[in-house]
Amino acid sequence: MFLDLAKKRRSVRRYLDRPVEREKIELCLEAARFAPSACNAQPWKFVVIDDPAKKERLRRAAFSGIYSVNAFAGKAPVLIIVFRTSGKLLPRIAGCFQGKEYPIIDIGIAGEHLVLQATDLGLGTCWVGWFNGKGVRKALNSPLGQKPVAIIPVGYPVPDKKKAVPRKPLEKISDLNPLKL
Ligand SMILES: Cc1cc2nc3c(=O)[nH]c(=O)nc-3n(C[C@H](O)[C@H](O)[C@H](O)COP(=O)(O)O)c2cc1C
């Protein structure tokens, strides 16, 4: 059942010193590729870094100084940098009218597809939004118009018995009988 997978996923911040098979990473990317997006713009690019020397350079660029709280991510065998690309004009214009950032919604969905596929393959991940974006762009020599939105470390999790982070109860986050309609 999908709900089991959704409940199984959690943020993993400690990884085994075991490489992650490229085929598994490709399956995760394939899951992201099938995500929906406003006007089918697919405004994303996933950059995969598993070479240790490159990963070290990225770790320093992304997680130094005030970003070092997320230094754990640099210890994962794989880092996936999720970029927002320029995408299509229509969702950007529609977004301006609506006060919504459709590309960011799109990237959230695609990234979560990736993360859930990773969970299904026994891999641990963590969404990381707090990092030095300018540093990452410089280190990767990213083209203008591409902005790193998140970094997703991927690795086999160190087993632990930590409890899941609690969630608000269903009645607080939903309204099954709206009265004012
Ligand atoms: C957009 C986004 C950004 C996040 N940024 C960070 C981050 O910078 N560092 C971190 O350790 N966790 C980060 N997280 C993970 C959340 O802290 C985590 O999902 C939340 O506490 C719920 O815990 P769980 O994922 O284990 O269920 C982020 C999650 C999301 C969705």
# chains A, B, ... in the order shown; residues from 1 in each chain; ligands from 1
$ residues_near_ligand --ligand "ligand 1" --cutoff "6 Å" --atoms "only C-alpha atoms and all ligand atoms" --output "list in words"
Arg10, Ser11, Asn70, Cys126, Trp127, Val128, Gly129, Trp130 and Val165 of chain A
$ residues_around --residues "range 103-112 of chain A" --least-positions-apart "4" --cutoff "12 Å" --atoms "only C-alpha atoms" --output "PDB file with C-alpha atoms, in the first residue's frame"
ATOM      1  CA  LEU A   5       5.828   3.662   1.841  1.00  0.00           C
ATOM      2  CA  ALA A   6       4.845   7.228   2.783  1.00  0.00           C
ATOM      3  CA  ARG A   9      10.117   7.455   4.517  1.00  0.00           C
ATOM      4  CA  ARG A  10      11.890   9.644   6.973  1.00  0.00           C
ATOM      5  CA  SER A  11      14.818  12.025   6.914  1.00  0.00           C
ATOM      6  CA  CYS A  28      15.064   7.385  -8.523  1.00  0.00           C
ATOM      7  CA  LEU A  29      15.622   9.878 -11.342  1.00  0.00           C
ATOM      8  CA  GLU A  30      13.144   7.983 -13.498  1.00  0.00           C
ATOM      9  CA  ALA A  31      10.532   8.317 -10.736  1.00  0.00           C
ATOM     10  CA  ALA A  32      11.203  12.071 -10.646  1.00  0.00           C
ATOM     11  CA  ARG A  33      10.901  12.278 -14.437  1.00  0.00           C
ATOM     12  CA  PHE A  34       7.311  11.046 -14.265  1.00  0.00           C
ATOM     13  CA  ALA A  35       6.204  13.764 -11.860  1.00  0.00           C
ATOM     14  CA  PRO A  36       3.463  16.150 -12.962  1.00  0.00           C
ATOM     15  CA  SER A  37       4.244  19.839 -13.443  1.00  0.00           C
ATOM     16  CA  ALA A  38       2.273  22.979 -14.280  1.00  0.00           C
ATOM     17  CA  CYS A  39       1.868  23.130 -18.097  1.00  0.00           C
ATOM     18  CA  ASN A  40       4.133  20.057 -18.176  1.00  0.00           C
ATOM     19  CA  ALA A  41       7.035  22.500 -17.938  1.00  0.00           C
ATOM     20  CA  GLN A  42       9.314  20.006 -16.100  1.00  0.00           C
ATOM     21  CA  PRO A  43      11.395  22.897 -14.784  1.00  0.00           C
ATOM     22  CA  TRP A  44      14.033  20.731 -13.111  1.00  0.00           C
ATOM     23  CA  LYS A  45      17.468  19.257 -13.491  1.00  0.00           C
ATOM     24  CA  PHE A  46      19.008  16.695 -11.160  1.00  0.00           C
ATOM     25  CA  ILE A  80      21.683  15.031  -5.825  1.00  0.00           C
ATOM     26  CA  ILE A  81      21.384  18.734  -6.453  1.00  0.00           C
ATOM     27  CA  VAL A  82      17.922  19.708  -7.598  1.00  0.00           C
ATOM     28  CA  PHE A  83      18.004  22.706  -9.888  1.00  0.00           C
ATOM     29  CA  ARG A  84      15.146  24.870 -11.013  1.00  0.00           C
ATOM     30  CA  THR A  85      15.539  25.532 -14.730  1.00  0.00           C
ATOM     31  CA  SER A  86      13.938  28.351 -16.684  1.00  0.00           C
ATOM     32  CA  GLY A  87      11.051  26.045 -17.711  1.00  0.00           C
ATOM     33  CA  LYS A  88       8.132  27.564 -19.620  1.00  0.00           C
ATOM     34  CA  LEU A  89       6.887  31.141 -19.683  1.00  0.00           C
ATOM     35  CA  LEU A  90       3.178  30.321 -19.221  1.00  0.00           C
ATOM     36  CA  PRO A  91       3.355  28.846 -15.704  1.00  0.00           C
ATOM     37  CA  ARG A  92       5.646  31.707 -14.690  1.00  0.00           C
ATOM     38  CA  ILE A  93       3.142  34.326 -15.898  1.00  0.00           C
ATOM     39  CA  ALA A  94       0.189  32.404 -14.408  1.00  0.00           C
ATOM     40  CA  GLY A  95       2.162  32.118 -11.177  1.00  0.00           C
ATOM     41  CA  CYS A  96       2.669  35.903 -11.069  1.00  0.00           C
ATOM     42  CA  LEU A 116       9.963   7.855  -2.200  1.00  0.00           C
ATOM     43  CA  GLN A 117      11.513   5.676  -4.891  1.00  0.00           C
ATOM     44  CA  ALA A 118      14.760   5.756  -2.901  1.00  0.00           C
ATOM     45  CA  THR A 119      12.873   4.677   0.224  1.00  0.00           C
ATOM     46  CA  THR A 125      17.516  10.500   1.892  1.00  0.00           C
ATOM     47  CA  CYS A 126      16.947  13.910   3.407  1.00  0.00           C
ATOM     48  CA  TRP A 127      15.628  17.051   1.796  1.00  0.00           C
ATOM     49  CA  VAL A 128      18.160  19.800   2.437  1.00  0.00           C
ATOM     50  CA  GLY A 129      17.063  23.340   1.722  1.00  0.00           C
ATOM     51  CA  GLN A 146      19.513  27.447 -13.179  1.00  0.00           C
ATOM     52  CA  LYS A 147      19.064  27.780  -9.446  1.00  0.00           C
ATOM     53  CA  PRO A 148      19.782  25.046  -6.900  1.00  0.00           C
ATOM     54  CA  VAL A 149      16.613  24.609  -4.852  1.00  0.00           C
ATOM     55  CA  ALA A 150      17.482  21.572  -2.760  1.00  0.00           C
ATOM     56  CA  ILE A 151      20.181  19.022  -2.148  1.00  0.00           C
ATOM     57  CA  ILE A 152      19.169  15.429  -1.550  1.00  0.00           C
ATOM     58  CA  PRO A 153      21.857  13.227   0.012  1.00  0.00           C
TER      59      PRO A 153
END
$ select_by_dssp --residues "range 49-172 of chain A" --states "strand (DSSP E)" --output "number ranges by chain"
A: 49, 78-84, 124-125, 147-155
$ write_last_selection --atoms "N, CA and C atoms" --output "PDB file, in the first residue's frame"
ATOM      1  N   ILE A  49      26.148  13.654  -7.913  1.00  0.00           N
ATOM      2  CA  ILE A  49      27.578  13.671  -7.609  1.00  0.00           C
ATOM      3  C   ILE A  49      27.908  12.504  -6.686  1.00  0.00           C
ATOM      4  N   VAL A  78      26.144   9.770  -2.081  1.00  0.00           N
ATOM      5  CA  VAL A  78      25.658  10.462  -3.292  1.00  0.00           C
ATOM      6  C   VAL A  78      24.955  11.760  -2.885  1.00  0.00           C
ATOM      7  N   LEU A  79      25.217  12.793  -3.656  1.00  0.00           N
ATOM      8  CA  LEU A  79      24.463  14.045  -3.476  1.00  0.00           C
ATOM      9  C   LEU A  79      23.725  14.330  -4.779  1.00  0.00           C
ATOM     10  N   ILE A  80      22.437  14.622  -4.637  1.00  0.00           N
ATOM     11  CA  ILE A  80      21.683  15.031  -5.825  1.00  0.00           C
ATOM     12  C   ILE A  80      21.269  16.483  -5.636  1.00  0.00           C
ATOM     13  N   ILE A  81      21.744  17.309  -6.543  1.00  0.00           N
ATOM     14  CA  ILE A  81      21.384  18.734  -6.453  1.00  0.00           C
ATOM     15  C   ILE A  81      20.207  18.956  -7.388  1.00  0.00           C
ATOM     16  N   VAL A  82      19.143  19.498  -6.813  1.00  0.00           N
ATOM     17  CA  VAL A  82      17.922  19.708  -7.598  1.00  0.00           C
ATOM     18  C   VAL A  82      17.887  21.167  -8.036  1.00  0.00           C
ATOM     19  N   PHE A  83      18.004  21.352  -9.338  1.00  0.00           N
ATOM     20  CA  PHE A  83      18.004  22.706  -9.888  1.00  0.00           C
ATOM     21  C   PHE A  83      16.637  23.055 -10.453  1.00  0.00           C
ATOM     22  N   ARG A  84      16.294  24.319 -10.297  1.00  0.00           N
ATOM     23  CA  ARG A  84      15.146  24.870 -11.013  1.00  0.00           C
ATOM     24  C   ARG A  84      15.684  25.426 -12.329  1.00  0.00           C
ATOM     25  N   GLY A 124      18.279   5.752   2.116  1.00  0.00           N
ATOM     26  CA  GLY A 124      17.887   6.875   2.969  1.00  0.00           C
ATOM     27  C   GLY A 124      18.193   8.187   2.264  1.00  0.00           C
ATOM     28  N   THR A 125      17.339   9.172   2.493  1.00  0.00           N
ATOM     29  CA  THR A 125      17.516  10.500   1.892  1.00  0.00           C
ATOM     30  C   THR A 125      17.126  11.557   2.912  1.00  0.00           C
ATOM     31  N   LYS A 147      18.875  27.437 -10.858  1.00  0.00           N
ATOM     32  CA  LYS A 147      19.064  27.780  -9.446  1.00  0.00           C
ATOM     33  C   LYS A 147      18.941  26.512  -8.602  1.00  0.00           C
ATOM     34  N   PRO A 148      19.921  26.237  -7.741  1.00  0.00           N
ATOM     35  CA  PRO A 148      19.782  25.046  -6.900  1.00  0.00           C
ATOM     36  C   PRO A 148      18.731  25.282  -5.815  1.00  0.00           C
ATOM     37  N   VAL A 149      17.730  24.437  -5.789  1.00  0.00           N
ATOM     38  CA  VAL A 149      16.613  24.609  -4.852  1.00  0.00           C
ATOM     39  C   VAL A 149      16.788  23.704  -3.636  1.00  0.00           C
ATOM     40  N   ALA A 150      17.313  22.518  -3.871  1.00  0.00           N
ATOM     41  CA  ALA A 150      17.482  21.572  -2.760  1.00  0.00           C
ATOM     42  C   ALA A 150      18.643  20.640  -3.065  1.00  0.00           C
ATOM     43  N   ILE A 151      19.179  20.081  -1.995  1.00  0.00           N
ATOM     44  CA  ILE A 151      20.181  19.022  -2.148  1.00  0.00           C
ATOM     45  C   ILE A 151      19.603  17.795  -1.455  1.00  0.00           C
ATOM     46  N   ILE A 152      19.684  16.668  -2.136  1.00  0.00           N
ATOM     47  CA  ILE A 152      19.169  15.429  -1.550  1.00  0.00           C
ATOM     48  C   ILE A 152      20.326  14.428  -1.413  1.00  0.00           C
ATOM     49  N   PRO A 153      20.844  14.266  -0.189  1.00  0.00           N
ATOM     50  CA  PRO A 153      21.857  13.227   0.012  1.00  0.00           C
ATOM     51  C   PRO A 153      21.195  11.858  -0.043  1.00  0.00           C
ATOM     52  N   VAL A 154      21.899  10.890  -0.620  1.00  0.00           N
ATOM     53  CA  VAL A 154      21.345   9.535  -0.743  1.00  0.00           C
ATOM     54  C   VAL A 154      22.390   8.525  -0.279  1.00  0.00           C
ATOM     55  N   GLY A 155      21.953   7.590   0.546  1.00  0.00           N
ATOM     56  CA  GLY A 155      22.869   6.539   0.988  1.00  0.00           C
ATOM     57  C   GLY A 155      22.098   5.473   1.749  1.00  0.00           C
TER      58      GLY A 155
END
$ atom_distance --atom1 "CA of Ser68 in chain A" --atom2 "CA of Tyr15 in chain A"
17.2 Å
$ atom_distance --atom1 "CA of Gly135 in chain A" --atom2 "CA of Ala61 in chain A"
4.8 Å
$ residues_around --residues "Pro77 in chain A" --least-positions-apart "5" --cutoff "12 Å" --atoms "only C-alpha atoms" --output "ChimeraX atom specification"
/A:13-22,25,48-56,59,72,123-125,152-157
$ atom_distance --atom1 "CA of Leu58 in chain A" --atom2 "CA of Gly74 in chain A"
8.0 Å
$ decode --residues "range 142-176 of chain A" --atoms "N, CA and C atoms" --output "PDB file, in the first residue's frame"
ATOM      1  N   SER A 142      27.184  26.409 -12.879  1.00  0.00           N
ATOM      2  CA  SER A 142      25.829  26.234 -13.422  1.00  0.00           C
ATOM      3  C   SER A 142      25.486  27.345 -14.396  1.00  0.00           C
ATOM      4  N   PRO A 143      24.755  26.983 -15.444  1.00  0.00           N
ATOM      5  CA  PRO A 143      24.348  28.016 -16.403  1.00  0.00           C
ATOM      6  C   PRO A 143      23.425  29.036 -15.761  1.00  0.00           C
ATOM      7  N   LEU A 144      23.451  30.240 -16.301  1.00  0.00           N
ATOM      8  CA  LEU A 144      22.525  31.280 -15.823  1.00  0.00           C
ATOM      9  C   LEU A 144      21.103  30.748 -15.968  1.00  0.00           C
ATOM     10  N   GLY A 145      20.227  31.075 -15.051  1.00  0.00           N
ATOM     11  CA  GLY A 145      18.848  30.592 -15.181  1.00  0.00           C
ATOM     12  C   GLY A 145      18.636  29.260 -14.482  1.00  0.00           C
ATOM     13  N   GLN A 146      19.705  28.669 -13.972  1.00  0.00           N
ATOM     14  CA  GLN A 146      19.513  27.447 -13.179  1.00  0.00           C
ATOM     15  C   GLN A 146      19.842  27.749 -11.723  1.00  0.00           C
ATOM     16  N   LYS A 147      18.875  27.437 -10.858  1.00  0.00           N
ATOM     17  CA  LYS A 147      19.064  27.780  -9.446  1.00  0.00           C
ATOM     18  C   LYS A 147      18.941  26.512  -8.602  1.00  0.00           C
ATOM     19  N   PRO A 148      19.921  26.237  -7.741  1.00  0.00           N
ATOM     20  CA  PRO A 148      19.782  25.046  -6.900  1.00  0.00           C
ATOM     21  C   PRO A 148      18.731  25.282  -5.815  1.00  0.00           C
ATOM     22  N   VAL A 149      17.730  24.437  -5.789  1.00  0.00           N
ATOM     23  CA  VAL A 149      16.613  24.609  -4.852  1.00  0.00           C
ATOM     24  C   VAL A 149      16.788  23.704  -3.636  1.00  0.00           C
ATOM     25  N   ALA A 150      17.313  22.518  -3.871  1.00  0.00           N
ATOM     26  CA  ALA A 150      17.482  21.572  -2.760  1.00  0.00           C
ATOM     27  C   ALA A 150      18.643  20.640  -3.065  1.00  0.00           C
ATOM     28  N   ILE A 151      19.179  20.081  -1.995  1.00  0.00           N
ATOM     29  CA  ILE A 151      20.181  19.022  -2.148  1.00  0.00           C
ATOM     30  C   ILE A 151      19.603  17.795  -1.455  1.00  0.00           C
ATOM     31  N   ILE A 152      19.684  16.668  -2.136  1.00  0.00           N
ATOM     32  CA  ILE A 152      19.169  15.429  -1.550  1.00  0.00           C
ATOM     33  C   ILE A 152      20.326  14.428  -1.413  1.00  0.00           C
ATOM     34  N   PRO A 153      20.844  14.266  -0.189  1.00  0.00           N
ATOM     35  CA  PRO A 153      21.857  13.227   0.012  1.00  0.00           C
ATOM     36  C   PRO A 153      21.195  11.858  -0.043  1.00  0.00           C
ATOM     37  N   VAL A 154      21.899  10.890  -0.620  1.00  0.00           N
ATOM     38  CA  VAL A 154      21.345   9.535  -0.743  1.00  0.00           C
ATOM     39  C   VAL A 154      22.390   8.525  -0.279  1.00  0.00           C
ATOM     40  N   GLY A 155      21.953   7.590   0.546  1.00  0.00           N
ATOM     41  CA  GLY A 155      22.869   6.539   0.988  1.00  0.00           C
ATOM     42  C   GLY A 155      22.098   5.473   1.749  1.00  0.00           C
ATOM     43  N   TYR A 156      22.771   4.365   2.004  1.00  0.00           N
ATOM     44  CA  TYR A 156      22.126   3.339   2.830  1.00  0.00           C
ATOM     45  C   TYR A 156      22.117   3.833   4.269  1.00  0.00           C
ATOM     46  N   PRO A 157      20.962   3.768   4.925  1.00  0.00           N
ATOM     47  CA  PRO A 157      20.881   4.350   6.275  1.00  0.00           C
ATOM     48  C   PRO A 157      21.607   3.523   7.336  1.00  0.00           C
ATOM     49  N   VAL A 158      22.216   4.206   8.276  1.00  0.00           N
ATOM     50  CA  VAL A 158      22.710   3.528   9.481  1.00  0.00           C
ATOM     51  C   VAL A 158      21.462   3.132  10.269  1.00  0.00           C
ATOM     52  N   PRO A 159      21.305   1.838  10.603  1.00  0.00           N
ATOM     53  CA  PRO A 159      20.076   1.445  11.306  1.00  0.00           C
ATOM     54  C   PRO A 159      19.974   2.167  12.648  1.00  0.00           C
ATOM     55  N   ASP A 160      18.789   2.639  12.966  1.00  0.00           N
ATOM     56  CA  ASP A 160      18.578   3.229  14.295  1.00  0.00           C
ATOM     57  C   ASP A 160      17.151   2.970  14.742  1.00  0.00           C
ATOM     58  N   LYS A 161      16.928   3.231  16.039  1.00  0.00           N
ATOM     59  CA  LYS A 161      15.584   2.938  16.556  1.00  0.00           C
ATOM     60  C   LYS A 161      14.828   4.223  16.888  1.00  0.00           C
ATOM     61  N   LYS A 162      15.277   5.317  16.251  1.00  0.00           N
ATOM     62  CA  LYS A 162      14.631   6.604  16.529  1.00  0.00           C
ATOM     63  C   LYS A 162      13.171   6.562  16.105  1.00  0.00           C
ATOM     64  N   LYS A 163      12.354   7.234  16.929  1.00  0.00           N
ATOM     65  CA  LYS A 163      10.928   7.301  16.582  1.00  0.00           C
ATOM     66  C   LYS A 163      10.722   8.295  15.440  1.00  0.00           C
ATOM     67  N   ALA A 164       9.664   8.075  14.677  1.00  0.00           N
ATOM     68  CA  ALA A 164       9.351   9.004  13.593  1.00  0.00           C
ATOM     69  C   ALA A 164       9.020  10.373  14.180  1.00  0.00           C
ATOM     70  N   VAL A 165       9.369  11.424  13.440  1.00  0.00           N
ATOM     71  CA  VAL A 165       9.028  12.784  13.861  1.00  0.00           C
ATOM     72  C   VAL A 165       7.499  12.900  13.847  1.00  0.00           C
ATOM     73  N   PRO A 166       6.894  13.432  14.951  1.00  0.00           N
ATOM     74  CA  PRO A 166       5.423  13.432  14.998  1.00  0.00           C
ATOM     75  C   PRO A 166       4.783  14.340  13.950  1.00  0.00           C
ATOM     76  N   ARG A 167       3.547  14.036  13.636  1.00  0.00           N
ATOM     77  CA  ARG A 167       2.769  14.842  12.699  1.00  0.00           C
ATOM     78  C   ARG A 167       1.538  15.389  13.414  1.00  0.00           C
ATOM     79  N   LYS A 168       1.025  16.490  12.899  1.00  0.00           N
ATOM     80  CA  LYS A 168      -0.228  17.033  13.432  1.00  0.00           C
ATOM     81  C   LYS A 168      -1.331  16.002  13.201  1.00  0.00           C
ATOM     82  N   PRO A 169      -2.319  15.923  14.098  1.00  0.00           N
ATOM     83  CA  PRO A 169      -3.394  14.956  13.878  1.00  0.00           C
ATOM     84  C   PRO A 169      -4.252  15.341  12.665  1.00  0.00           C
ATOM     85  N   LEU A 170      -4.886  14.318  12.107  1.00  0.00           N
ATOM     86  CA  LEU A 170      -5.694  14.496  10.892  1.00  0.00           C
ATOM     87  C   LEU A 170      -6.731  15.608  11.041  1.00  0.00           C
ATOM     88  N   GLU A 171      -7.387  15.661  12.230  1.00  0.00           N
ATOM     89  CA  GLU A 171      -8.457  16.659  12.381  1.00  0.00           C
ATOM     90  C   GLU A 171      -7.910  18.094  12.382  1.00  0.00           C
ATOM     91  N   LYS A 172      -6.607  18.240  12.679  1.00  0.00           N
ATOM     92  CA  LYS A 172      -6.027  19.594  12.661  1.00  0.00           C
ATOM     93  C   LYS A 172      -5.641  20.025  11.256  1.00  0.00           C
ATOM     94  N   ILE A 173      -5.343  19.068  10.396  1.00  0.00           N
ATOM     95  CA  ILE A 173      -4.859  19.455   9.061  1.00  0.00           C
ATOM     96  C   ILE A 173      -5.918  19.269   7.983  1.00  0.00           C
ATOM     97  N   SER A 174      -7.111  18.827   8.400  1.00  0.00           N
ATOM     98  CA  SER A 174      -8.150  18.633   7.375  1.00  0.00           C
ATOM     99  C   SER A 174      -9.487  19.131   7.903  1.00  0.00           C
ATOM    100  N   ASP A 175     -10.386  19.407   6.979  1.00  0.00           N
ATOM    101  CA  ASP A 175     -11.745  19.775   7.336  1.00  0.00           C
ATOM    102  C   ASP A 175     -12.664  18.926   6.472  1.00  0.00           C
ATOM    103  N   LEU A 176     -13.223  17.881   7.063  1.00  0.00           N
ATOM    104  CA  LEU A 176     -14.012  16.932   6.270  1.00  0.00           C
ATOM    105  C   LEU A 176     -15.453  17.393   6.092  1.00  0.00           C
TER     106      LEU A 176
END
